[in-house]
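Asker: The structure file start-v7.cif (mmCIF, C-alpha atoms and all ligand atoms) is provided below.
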```cif
data_final
#
loop_
_atom_site.label_atom_id
_atom_site.label_comp_id
_atom_site.auth_asym_id
_atom_site.auth_seq_id
_atom_site.Cartn_x
_atom_site.Cartn_y
_atom_site.Cartn_z
CA MET A 1 110.78 96.66 84.70
CA GLY A 2 109.59 99.73 86.63
CA LEU A 3 110.18 100.24 90.30
CA ALA A 4 106.59 99.44 91.26
CA SER A 5 106.47 96.08 89.52
CA ARG A 6 109.92 95.34 90.85
CA ARG A 7 108.59 95.89 94.35
CA ASP A 8 105.59 93.63 93.64
CA SER A 9 107.89 90.95 92.35
CA ARG A 10 110.01 91.21 95.47
CA ARG A 11 106.94 90.82 97.65
CA GLY A 12 105.98 87.76 95.62
CA VAL A 13 109.38 86.23 96.17
CA TRP A 14 109.23 86.71 99.93
CA LEU A 15 105.77 85.20 100.01
CA LEU A 16 106.94 82.26 97.92
CA GLY A 17 109.85 81.65 100.28
CA ALA A 18 107.57 81.69 103.30
CA VAL A 19 104.98 79.42 101.67
CA CYS A 20 107.61 76.92 100.51
CA ALA A 21 109.05 76.77 104.02
CA VAL A 22 105.87 75.31 105.49
CA LEU A 23 104.15 73.84 102.43
CA PRO A 24 105.53 70.29 102.81
CA ASP A 25 103.56 69.85 106.04
CA ALA A 26 100.34 70.07 104.02
CA ASP A 27 101.03 66.36 103.56
CA VAL A 28 99.42 65.70 106.95
CA VAL A 29 96.14 65.58 105.04
CA MET A 30 97.40 62.24 103.71
CA HIS A 31 96.82 60.81 107.17
CA ALA A 32 93.19 60.59 106.21
CA PHE A 33 94.20 57.94 103.66
CA VAL A 34 97.47 56.29 104.70
CA GLU A 35 99.61 55.57 107.75
CA TYR A 36 102.45 57.88 108.78
CA GLU A 37 104.94 55.21 107.71
CA HIS A 38 103.51 55.01 104.19
CA ALA A 39 105.52 56.50 101.30
CA PHE A 40 102.80 59.12 100.95
CA GLY A 41 102.43 59.65 104.69
CA HIS A 42 103.69 62.71 106.55
CA ARG A 43 107.39 63.40 105.82
CA GLY A 44 107.20 60.92 102.95
CA ALA A 45 107.17 61.59 99.20
CA PHE A 46 106.02 65.19 99.64
CA HIS A 47 109.08 65.95 101.78
CA SER A 48 111.52 64.52 99.22
CA PRO A 49 113.98 66.53 97.09
CA ALA A 50 112.53 64.82 94.01
CA PHE A 51 109.13 66.32 94.72
CA TYR A 52 110.71 69.68 95.56
CA LEU A 53 112.50 69.66 92.22
CA LEU A 54 109.27 69.04 90.36
CA PHE A 55 107.34 71.60 92.36
CA SER A 56 110.03 74.27 91.93
CA LEU A 57 110.18 73.70 88.17
CA VAL A 58 106.44 74.20 87.92
CA VAL A 59 106.42 77.32 90.11
CA ALA A 60 109.39 78.84 88.25
CA ASN A 61 107.74 78.24 84.90
CA LEU A 62 104.55 79.89 86.09
CA TRP A 63 106.44 82.93 87.34
CA ARG A 64 105.48 86.01 85.33
CA GLU A 65 108.92 87.63 85.00
CA ARG A 66 110.90 85.32 82.76
CA GLU A 67 114.29 86.66 83.85
CA GLU A 68 113.44 85.84 87.47
CA ARG A 69 112.67 82.17 86.81
CA PRO A 70 116.09 80.66 87.53
CA ARG A 71 116.22 82.45 90.88
CA ILE A 72 112.62 81.55 91.67
CA PHE A 73 113.46 77.92 91.02
CA LEU A 74 116.49 78.12 93.30
CA LEU A 75 114.65 79.93 96.08
CA SER A 76 111.70 77.54 96.00
CA PHE A 77 113.91 74.45 95.99
CA LEU A 78 116.20 75.66 98.78
CA ALA A 79 113.33 76.86 100.96
CA LEU A 80 111.60 73.49 100.60
CA LEU A 81 114.83 71.61 101.20
CA SER A 82 115.51 73.61 104.35
CA HIS A 83 112.17 72.34 105.64
CA SER A 84 113.22 68.71 105.29
CA LEU A 85 116.67 69.37 106.74
CA LEU A 86 115.06 70.89 109.83
CA ASP A 87 112.61 67.99 110.09
CA MET A 88 115.60 65.64 110.04
CA MET A 89 117.09 67.52 112.97
CA THR A 90 114.14 66.85 115.25
CA THR A 91 114.25 64.06 117.79
CA GLY A 92 110.67 62.92 117.28
CA GLY A 93 108.35 61.43 114.70
CA LEU A 94 109.62 59.56 111.69
CA GLY A 95 112.47 60.69 109.49
CA VAL A 96 112.18 62.15 106.00
CA ALA A 97 111.96 60.12 102.79
CA MET A 98 114.91 61.93 101.19
CA LEU A 99 115.51 59.29 98.53
CA TYR A 100 111.95 58.93 97.33
CA PRO A 101 111.09 57.52 94.76
CA ILE A 102 114.28 55.40 94.81
CA SER A 103 113.59 54.35 98.38
CA ASP A 104 110.84 54.84 100.98
CA GLU A 105 113.40 54.80 103.78
CA ARG A 106 113.11 57.63 106.30
CA PHE A 107 116.20 59.55 107.34
CA PHE A 108 117.39 61.72 110.19
CA LEU A 109 120.59 63.75 110.33
CA PRO A 110 123.25 62.55 112.76
CA TRP A 111 122.92 65.94 114.50
CA ARG A 112 119.44 66.36 115.97
CA PRO A 113 119.43 69.39 118.24
CA ILE A 114 115.70 70.12 118.04
CA PRO A 115 114.32 68.27 121.04
CA VAL A 116 110.78 67.05 121.49
CA SER A 117 109.11 65.29 124.35
CA PRO A 118 108.27 61.63 123.70
CA ILE A 119 105.33 61.51 121.33
CA ASN A 120 102.82 59.04 120.11
CA VAL A 121 103.29 59.12 116.35
CA LYS A 122 99.67 58.19 115.87
CA ALA A 123 98.65 61.41 117.57
CA PHE A 124 98.26 63.75 114.67
CA PHE A 125 98.13 66.95 116.68
CA THR A 126 101.19 66.07 118.72
CA GLN A 127 103.07 65.70 115.46
CA ARG A 128 101.83 69.10 114.38
CA GLY A 129 103.09 70.56 117.65
CA LEU A 130 106.49 69.08 116.95
CA ASP A 131 106.60 70.62 113.50
CA ILE A 132 105.66 74.01 114.86
CA LEU A 133 108.85 73.98 116.95
CA THR A 134 110.89 74.47 113.79
CA VAL A 135 108.61 77.05 112.24
CA GLU A 136 110.67 80.06 113.24
CA LEU A 137 113.76 78.63 111.61
CA ARG A 138 111.75 77.68 108.58
CA PHE A 139 110.71 81.24 108.01
CA ALA A 140 114.12 82.66 108.79
CA ILE A 141 115.92 80.59 106.15
CA PRO A 142 113.75 81.52 103.13
CA MET A 143 113.75 85.15 104.23
CA LEU A 144 117.52 85.10 104.29
CA LEU A 145 117.61 83.38 100.89
CA SER A 146 115.23 85.92 99.38
CA ALA A 147 117.27 88.78 100.75
CA LEU A 148 120.49 87.30 99.37
CA LEU A 149 119.00 86.53 95.96
CA PHE A 150 117.75 90.06 95.63
CA ARG A 151 120.99 91.53 96.82
CA PHE A 152 122.71 89.85 93.89
CA ALA A 153 119.85 90.73 91.56
CA GLY A 154 120.08 94.37 92.61
CA ARG A 155 123.74 94.74 91.73
CA HIS A 156 123.06 96.04 88.23
CA LYS A 157 120.59 98.52 89.71
CA LYS A 158 123.23 100.29 91.78
CA ASP A 159 122.33 103.66 90.24
CA GLU A 160 119.22 103.71 92.44
CA GLY A 161 121.22 103.69 95.63
CA THR A 162 123.27 106.37 97.31
CA THR A 163 126.97 106.72 96.62
ZN ZN A 201 107.70 68.63 107.69
#
```
I need this file expressed as structure tokens, please.
Ligand SMILES: [Zn+2]

Answerer:
Amino acid sequence: MGLASRRDSRRGVWLLGAVCAVLPDADVVMHAFVEYEHAFGHRGAFHSPAFYLLFSLVVANLWREREERPRIFLLSFLALLSHSLLDMMTTGGLGVAMLYPISDERFFLPWRPIPVSPINVKAFFTQRGLDILTVELRFAIPMLLSALLFRFAGRHKKDEGTT
């Protein structure tokens, strides 16, 4: 792979990490059809590791560079998972359906340092506001992951660097 395409690929990876970090919240569109508490409501099935696994497999298999696929899978899955972990550290809304499809139960972590003012869970936009609180962290984690993955990937390319 030439340097140019390598750079393109790197840009793609960073973009993927950023997209995966916030993608699960696209499930708020489900509020048009079901209640928050529903398995397919916000923070439900589409916030579950099972869904992340499926999604990451698909994305990795669609990735152009074959040799990158295992790392793409890992990055996608971890970036998505970090989203749910952060959601479970907030003090508001409902928890995350981590065991879906085995169980619809919603979970929080015992440590919930991300405070929110009391909210009405029916108020869609208030919930969005709550999610935005964790956005900075959500971007930071995939960026860090991407950087780390490419650091390891770049080891056999040492000849490009200075000595
Ligand atoms: Zn979320």

Asker: Let me see if you get this right: every residue at most 7 Å from ligand ZN 201 (chain A), counting only C-alpha atoms and all ligand atoms, written as a PyMOL selection string.

Answerer: chain A and resi 24-25+43+47+83-84+87+131

Asker: Can you pull out every residue within 9 Å of A:Phe46, counting only C-alpha atoms, but drop anything in the same chain fewer than 5 positions away, and send it as a list in words?

Answerer: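 Surrounding residues, per the criterion: Pro24, Asp25, Ala26, Asp27, Ala39, Phe40, Gly41, Phe51, Tyr52, Ala97 and Tyr100 of chain A.
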
Asker: Looking at A:Gly95, A:Ser76, A:Leu145, A:Val19, which one is nearest to A:Trp63, with distances taken over all atoms listed in the file?

Answerer: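 Between A:Gly95, A:Ser76, A:Leu145, A:Val19, the residue approaching A:Trp63 most closely is A:Ser76.
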
Asker: Which value, in Å to one decimal, gives the distance between atom CA of A:Leu109 and atom CA of A:Gly17?

Answerer: 23.2 Å

Asker: Show me, as a PyMOL selection string, the residues that have an atom within 12 Å of A:Glu67 when counting only C-alpha atoms, minus same-chain residues fewer than 3 positions from it.

Answerer: chain A and resi 1+6+9+60-61+63-64+70-73+153

Asker: Just want the 9 Å neighbourhood of A:Met89, counted on only C-alpha atoms, with same-chain residues fewer than 5 positions away dropped. Output as a ChimeraX atom specification.

Answerer: /A:84,95,108-115

Asker: Name the residues within 7 Å of (108.9, 58.9, 97.3), counting all atoms listed in the file in the file's coordinates, and put them as a PyMOL selection string.

Answerer: chain A and resi 39+44-45+48+97+99-104
